[in-house]
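S.K.: Provided herewith: data.tsv, TSV, C-alpha atoms.
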chain	number	residue	atom	x	y	z
W	1	MET	CA	135.42	97.24	54.14
W	2	PHE	CA	136.83	95.04	56.91
W	3	LEU	CA	134.15	92.34	56.50
W	4	LEU	CA	134.72	91.83	52.78
W	5	GLY	CA	136.94	88.74	53.22
W	6	THR	CA	134.42	87.21	55.63
W	7	LEU	CA	131.51	87.80	53.22
W	8	VAL	CA	133.47	86.31	50.32
W	9	ASN	CA	134.25	83.24	52.43
W	10	GLY	CA	130.58	82.70	53.25
W	11	ALA	CA	129.52	83.32	49.65
W	12	LEU	CA	131.96	80.77	48.21
W	13	ILE	CA	130.82	78.13	50.70
W	14	ILE	CA	127.24	78.70	49.54
W	15	ILE	CA	128.21	78.69	45.84
W	16	GLY	CA	130.30	75.55	46.35
W	17	THR	CA	127.39	73.81	48.05
W	18	LEU	CA	125.01	74.70	45.21
W	19	LEU	CA	127.53	73.42	42.66
W	20	GLY	CA	127.97	70.26	44.72
W	21	LYS	CA	124.23	69.62	44.51
W	22	LEU	CA	124.62	69.20	40.75
W	23	PHE	CA	126.57	66.01	41.43
W	24	HIS	CA	124.18	64.54	44.01
W	25	ARG	CA	122.99	61.86	41.60
W	26	ILE	CA	126.29	59.98	41.58
W	27	PRO	CA	125.95	56.26	42.50
W	28	GLU	CA	125.85	55.36	46.20
W	29	GLY	CA	128.94	53.14	45.95
W	30	MET	CA	130.89	56.00	44.42
W	31	LYS	CA	129.71	58.31	47.23
W	32	VAL	CA	131.09	55.91	49.83
W	33	THR	CA	134.47	55.75	48.09
W	34	ILE	CA	134.56	59.55	47.74
W	35	MET	CA	133.71	59.91	51.42
W	36	HIS	CA	136.58	57.61	52.37
W	37	ALA	CA	138.93	59.59	50.10
W	38	ILE	CA	137.83	62.87	51.70
W	39	GLY	CA	138.27	61.35	55.16
W	40	LEU	CA	141.81	60.22	54.38
W	41	ALA	CA	142.75	63.62	52.96
W	42	VAL	CA	141.29	65.40	55.99
W	43	MET	CA	143.22	63.08	58.30
W	44	VAL	CA	146.51	63.94	56.56
W	45	LEU	CA	145.69	67.67	56.79
W	46	GLY	CA	144.90	67.29	60.49
W	47	LEU	CA	148.13	65.37	61.08
W	48	GLN	CA	150.18	68.13	59.42
W	49	MET	CA	148.50	70.76	61.58
W	50	GLY	CA	148.78	68.64	64.74
W	51	LEU	CA	152.57	68.39	64.44
W	52	LYS	CA	153.09	72.18	64.51
W	53	SER	CA	153.03	72.45	68.32
W	54	ASP	CA	156.04	73.85	70.17
W	55	ASN	CA	154.82	72.38	73.46
W	56	PHE	CA	152.62	69.32	72.99
W	57	LEU	CA	151.79	69.17	76.70
W	58	ILE	CA	149.71	72.33	76.18
W	59	VAL	CA	147.79	70.58	73.39
W	60	ILE	CA	147.13	67.48	75.50
W	61	LEU	CA	145.95	69.49	78.52
W	62	SER	CA	143.77	71.69	76.30
W	63	LEU	CA	142.10	68.72	74.63
W	64	VAL	CA	141.48	66.88	77.91
W	65	ILE	CA	140.05	69.91	79.74
W	66	GLY	CA	138.19	70.94	76.59
W	67	ALA	CA	136.64	67.49	76.31
W	68	VAL	CA	135.40	67.69	79.91
W	69	LEU	CA	133.83	71.09	79.27
W	70	GLY	CA	132.40	70.05	75.92
W	71	GLU	CA	130.75	66.98	77.41
W	72	ALA	CA	129.38	69.02	80.32
W	73	TRP	CA	127.96	71.60	77.91
W	74	ALA	CA	126.82	68.92	75.41
W	75	LEU	CA	128.04	70.99	72.46
W	76	GLU	CA	127.78	68.12	69.96
W	77	ASP	CA	124.15	67.51	70.92
W	78	LYS	CA	123.32	71.21	70.62
W	79	LEU	CA	124.91	71.48	67.15
W	80	ASN	CA	123.12	68.33	66.01
W	81	SER	CA	119.83	69.69	67.38
W	82	LEU	CA	120.36	72.87	65.39
W	83	GLY	CA	120.97	70.76	62.28
W	84	VAL	CA	117.83	68.72	62.91
W	85	TRP	CA	115.84	71.96	63.38
W	86	LEU	CA	117.13	73.23	60.02
W	87	GLU	CA	116.19	69.89	58.46
W	88	LYS	CA	112.61	70.21	59.70
W	89	LYS	CA	112.35	73.84	58.61
W	90	ILE	CA	113.31	73.23	54.99
W	91	GLY	CA	111.60	69.84	54.82
W	92	SER	CA	114.58	67.98	53.39
W	93	ASN	CA	113.85	64.60	51.90
W	94	GLY	CA	117.28	63.89	50.50
W	95	LYS	CA	119.56	61.09	51.54
W	96	GLY	CA	122.16	63.38	53.06
W	97	SER	CA	121.69	64.40	56.68
W	98	ILE	CA	121.52	68.18	57.07
W	99	SER	CA	122.69	67.80	60.65
W	100	GLU	CA	125.79	65.80	59.68
W	101	GLY	CA	126.64	68.11	56.77
W	102	PHE	CA	126.19	71.25	58.87
W	103	VAL	CA	128.26	70.03	61.83
W	104	THR	CA	131.06	68.46	59.78
W	105	ALA	CA	131.46	71.41	57.41
W	106	THR	CA	131.28	73.96	60.24
W	107	LEU	CA	134.07	72.24	62.15
W	108	ILE	CA	136.28	71.90	59.06
W	109	PHE	CA	135.81	75.54	58.00
W	110	VAL	CA	136.11	77.12	61.46
W	111	ILE	CA	139.00	75.15	63.00
W	112	GLY	CA	142.39	76.33	61.83
W	113	ALA	CA	144.77	79.27	61.84
W	114	MET	CA	143.69	80.77	58.51
W	115	ALA	CA	140.32	81.93	59.90
W	116	ILE	CA	141.96	83.79	62.80
W	117	ILE	CA	144.95	85.19	60.91
W	118	GLY	CA	142.82	86.15	57.91
W	119	ALA	CA	140.16	87.87	60.02
W	120	LEU	CA	142.83	89.79	61.99
W	121	ASP	CA	144.47	90.96	58.74
W	122	SER	CA	141.07	92.05	57.43
W	123	GLY	CA	140.22	94.01	60.56
W	124	ILE	CA	143.61	95.60	61.23
W	125	ARG	CA	145.08	96.22	57.77
W	126	GLY	CA	142.12	95.76	55.44
W	127	ASP	CA	144.12	92.95	53.80
W	128	HIS	CA	141.74	90.15	52.76
W	129	SER	CA	144.27	87.98	50.90
W	130	VAL	CA	144.39	85.21	53.54
W	131	LEU	CA	140.60	84.99	53.72
W	132	TYR	CA	140.38	85.04	49.91
W	133	THR	CA	142.71	82.05	49.81
W	134	LYS	CA	140.69	80.31	52.54
W	135	SER	CA	137.50	81.12	50.63
W	136	ILE	CA	138.74	79.32	47.51
W	137	ILE	CA	139.81	76.29	49.55
W	138	ASP	CA	136.48	76.22	51.43
W	139	GLY	CA	134.55	76.66	48.19
W	140	PHE	CA	136.12	73.60	46.57
W	141	THR	CA	135.84	71.65	49.83
W	142	SER	CA	132.13	72.46	50.07
W	143	ILE	CA	131.59	71.10	46.55
W	144	ILE	CA	133.14	67.78	47.53
W	145	LEU	CA	131.43	67.59	50.93
W	146	THR	CA	128.01	68.36	49.43
W	147	THR	CA	128.19	65.42	47.02
W	148	THR	CA	128.20	63.08	50.02
W	149	LEU	CA	126.81	65.04	52.99
W	150	GLY	CA	124.13	67.05	51.22
W	151	ILE	CA	122.74	70.58	51.50
W	152	GLY	CA	123.56	70.88	55.21
W	153	VAL	CA	127.03	72.08	54.18
W	154	LEU	CA	125.45	75.35	52.97
W	155	PHE	CA	124.35	76.36	56.48
W	156	SER	CA	127.95	76.17	57.76
W	157	ALA	CA	128.45	79.55	56.04
W	158	ILE	CA	126.53	81.21	58.90
W	159	PRO	CA	128.80	80.26	61.85
W	160	VAL	CA	131.87	80.80	59.63
W	161	MET	CA	130.82	84.39	58.87
W	162	LEU	CA	129.89	85.06	62.50
W	163	TYR	CA	133.21	83.67	63.77
W	164	GLU	CA	135.42	85.50	61.27
W	165	GLY	CA	133.29	88.63	61.38
W	166	LEU	CA	133.58	89.01	65.15
W	167	ILE	CA	137.36	88.54	65.03
W	168	ALA	CA	137.64	91.14	62.24
W	169	LEU	CA	135.35	93.52	64.12
W	170	PHE	CA	137.47	93.42	67.28
W	171	ALA	CA	140.82	92.94	65.47
W	172	THR	CA	142.16	96.38	66.38
W	173	GLN	CA	141.43	95.87	70.07
W	174	ILE	CA	142.97	92.37	69.97
W	175	ASN	CA	146.10	93.78	68.33
W	176	VAL	CA	146.44	96.44	71.05
W	177	ILE	CA	145.68	94.22	74.06
W	178	VAL	CA	147.41	90.96	73.09
W	179	PRO	CA	151.23	91.04	72.64
W	180	GLN	CA	152.38	89.70	69.27
W	181	ALA	CA	154.56	86.99	70.87
W	182	LEU	CA	151.57	85.73	72.88
W	183	LEU	CA	149.29	85.80	69.82
W	184	ASN	CA	151.86	83.87	67.76
W	185	GLN	CA	152.22	81.21	70.46
W	186	PHE	CA	148.44	80.89	70.78
W	187	ILE	CA	148.02	80.46	67.01
W	188	THR	CA	150.74	77.78	66.97
W	189	GLU	CA	149.22	75.72	69.78
W	190	MET	CA	145.65	76.34	68.61
W	191	THR	CA	146.61	75.11	65.15
W	192	SER	CA	147.99	71.91	66.66
W	193	ALA	CA	144.92	71.30	68.85
W	194	GLY	CA	142.68	72.12	65.91
W	195	GLY	CA	144.65	69.76	63.71
W	196	ILE	CA	143.89	66.87	66.05
W	197	MET	CA	140.20	67.76	65.83
W	198	ILE	CA	140.48	67.83	62.02
W	199	PHE	CA	142.11	64.39	62.18
W	200	ALA	CA	139.15	63.18	64.27
W	201	ILE	CA	136.74	64.56	61.65
W	202	GLY	CA	138.63	62.53	59.03
W	203	LEU	CA	138.19	59.39	61.12
W	204	ASN	CA	134.46	60.11	61.35
W	205	LEU	CA	134.20	60.57	57.59
W	206	THR	CA	135.82	57.21	56.94
W	207	GLY	CA	133.31	55.57	59.29
W	208	LEU	CA	136.05	53.95	61.37
W	209	ILE	CA	134.82	55.55	64.59
W	210	LYS	CA	132.41	58.23	65.78
W	211	ILE	CA	134.15	60.94	67.79
W	212	LYS	CA	132.15	63.86	69.20
W	213	VAL	CA	134.47	66.47	67.74
W	214	ALA	CA	132.25	69.43	68.65
W	215	ASN	CA	132.70	68.50	72.31
W	216	LEU	CA	136.42	69.15	71.86
W	217	LEU	CA	135.91	72.76	70.70
W	218	PRO	CA	136.41	74.29	74.20
W	219	ALA	CA	140.03	73.13	73.83
W	220	ILE	CA	140.60	76.26	71.70
W	221	LEU	CA	139.55	78.49	74.61
W	222	VAL	CA	141.56	76.40	77.09
W	223	THR	CA	144.63	76.70	74.83
W	224	GLY	CA	144.35	80.48	75.02
W	225	ILE	CA	144.12	80.39	78.81
W	226	ILE	CA	147.10	78.04	79.25
W	227	VAL	CA	149.28	79.92	76.77
W	228	SER	CA	148.41	83.25	78.42
W	229	PHE	CA	149.26	81.86	81.87
W	230	LEU	CA	152.61	80.49	80.70
W	231	TYR	CA	153.43	83.74	78.89
W	232	GLU	CA	152.79	85.83	82.00
W	233	TYR	CA	154.64	83.30	84.18
W	234	HIS	CA	157.79	83.47	82.03
W	235	ARG	CA	157.54	87.24	81.72
W	236	PHE	CA	157.25	87.67	85.49
W	237	PHE	CA	160.06	85.27	86.47
W	238	ASN	CA	162.51	86.04	83.65
Write the structure described by the file as structure tokens, please.

M.R.:
Amino acid sequence: MFLLGTLVNGALIIIGTLLGKLFHRIPEGMKVTIMHAIGLAVMVLGLQMGLKSDNFLIVILSLVIGAVLGEAWALEDKLNSLGVWLEKKIGSNGKGSISEGFVTATLIFVIGAMAIIGALDSGIRGDHSVLYTKSIIDGFTSIILTTTLGIGVLFSAIPVMLYEGLIALFATQINVIVPQALLNQFITEMTSAGGIMIFAIGLNLTGLIKIKVANLLPAILVTGIIVSFLYEYHRFFN
């Protein structure tokens, strides 16, 4: 079953969120300190990912063009509106913002190489080991995020399953159409661009600044376009 890894990932996010709700009564001061600790850890993770680029100019161009597109499409506002809609539907009266929890968790769980590599392995070889590992990491992360951001983290399971599920569904076609060298280069540069977004999420969690990270998401698509162009350019002229 090629969607098994994806389903497990979504399930562990939901389970982690429900477990995290058990700790929602911790003192407010402790929540703030935990949030800062999470933010710092996320920043270090993002920094590690951001340094993996083989050509940082690609990352810079992708982020700049992606930011222009994201602002034009108002992706952050649309994601926040979806979170607010969910908040109204379930009638939340907790302190945590469903919108903030949903957006933050979605970005953390979706951005990164493990989702793409794991979904491709699931779809092509039926090997779910990468997604199982990601599921465990996401499950524990959702516990921690829920203690400070609330039940909104649970709803991030939906875009995560859609994203990974679509990649797994079309994995065979991707493997046939996209050369392995091109795919490897894309994953490397996408990981770096995604790492910078993760770093920005960490800054947001610490409260130092408010960056519209969702508006940077088109950078992933732009990375693919730039890498593909450079690959074909070098292949044609070499």

S.K.: To one decimal in Å, tell me the separation between atom CA of W:Ser156 and atom CA of W:Phe102.

M.R.: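 Separating atom CA of W:Ser156 from atom CA of W:Phe102 is a distance of 5.3 Å.
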
S.K.: Got a sec: who's within 6 Å of stretch 209-225 of chain W, counting all atoms listed in the file, leaving out chain neighbours fewer than 6 positions off, as an MDAnalysis selection string?

M.R.: chainID W and resid 62:63 66:67 70:71 75:76 186 190

S.K.: Expressed in Å to a single decimal, how great is the separation between atom CA of W:Leu230 and atom CA of W:Gln48?

M.R.: 24.7 Å

S.K.: Fewer than 3 positions away in the same chain doesn't count, so skip those; otherwise give me all residues within 12 Å of W:Lys134, counting all atoms listed in the file, as a VMD selection string.

M.R.: chain W and resid 5 to 13 108 to 119 128 to 131 137 to 142 160 164

S.K.: Mind giving me the axis-aligned box for stretch 103-109 of chain W with 4 Å on every side, centre plus edges in Å to one decimal, as AutoDock Vina command-line options?

M.R.:
--center_x 132.3 --center_y 72.0 --center_z 59.8 --size_x 16.0 --size_y 15.1 --size_z 12.7

S.K.: Can you tell me, as a list of chain:residue names, what residues are no more than 12 Å from W:Phe170 when counting only C-alpha atoms, ignoring any on the same chain fewer than 5 positions away?

M.R.: W:Phe2, W:Leu3, W:Ile116, W:Ala119, W:Leu120, W:Asp121, W:Ser122, W:Gly123, W:Ile124, W:Tyr163, W:Glu164, W:Gly165, W:Asn175, W:Val176, W:Ile177, W:Val178

S.K.: Keeping only C-alpha atoms, take the residues you just selected and write them out as a tab-separated table (two decimals), in the frame of the given file.

M.R.:
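Now in selection19.tsv:
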chain	number	residue	atom	x	y	z
W	2	PHE	CA	136.83	95.04	56.91
W	3	LEU	CA	134.15	92.34	56.50
W	116	ILE	CA	141.96	83.79	62.80
W	119	ALA	CA	140.16	87.87	60.02
W	120	LEU	CA	142.83	89.79	61.99
W	121	ASP	CA	144.47	90.96	58.74
W	122	SER	CA	141.07	92.05	57.43
W	123	GLY	CA	140.22	94.01	60.56
W	124	ILE	CA	143.61	95.60	61.23
W	163	TYR	CA	133.21	83.67	63.77
W	164	GLU	CA	135.42	85.50	61.27
W	165	GLY	CA	133.29	88.63	61.38
W	175	ASN	CA	146.10	93.78	68.33
W	176	VAL	CA	146.44	96.44	71.05
W	177	ILE	CA	145.68	94.22	74.06
W	178	VAL	CA	147.41	90.96	73.09

S.K.: So how far away is atom CA of W:Gly46 from atom CA of W:Ile198, in Å?

M.R.: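 Spanning atom CA of W:Ile198 to atom CA of W:Gly46 is a straight-line distance of 4.7 Å.
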
S.K.: For a quick check of understanding, using all atoms listed in the file, which of W:Leu82, W:Ala193, W:Ile167, W:Ile136 has the smallest distance to W:Gly16?

M.R.: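 Smallest distance to W:Gly16 is found for W:Ile136.
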
S.K.: Name the closest residue to W:Tyr231 among the candidates W:Gly202, W:Pro179, W:Gly195, W:Gly20; distances are taken between atoms, counting only C-alpha atoms.

M.R.: W:Pro179

S.K.: List as an MDAnalysis selection string the protein and nucleic acid residues near W:Gly101, meaning an atom at most 9 Å away when only C-alpha atoms are counted, but skip any in the same chain fewer than 3 places from it.

M.R.: chainID W and resid 83 96:98 104:106 145:146 148:156

S.K.: Could you check which of W:Ser53, W:Thr188, W:Thr147, W:Ser81 is closest to W:Phe23, using all atoms listed in the file?

M.R.: W:Thr147

S.K.: May I ask which of the residues W:Ala200, W:Leu182, W:Ile90, W:Ala74 is the closest one to W:Leu40, counting only C-alpha atoms?

M.R.: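 Result for the nearest residue to W:Leu40: W:Ala200.
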
S.K.: Between W:Lys52, W:Lys88, W:His234, W:Lys21, which residue has the minimum interatomic distance to W:Glu189, considering only C-alpha atoms?

M.R.: W:Lys52

S.K.: I need the residue nearest W:Thr206 from this list: W:Gly194, W:Gly39, W:Pro27, W:Pro159. Use only C-alpha atoms for the distance.

M.R.: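 Counting only C-alpha atoms, the residue closest to W:Thr206 is W:Gly39.
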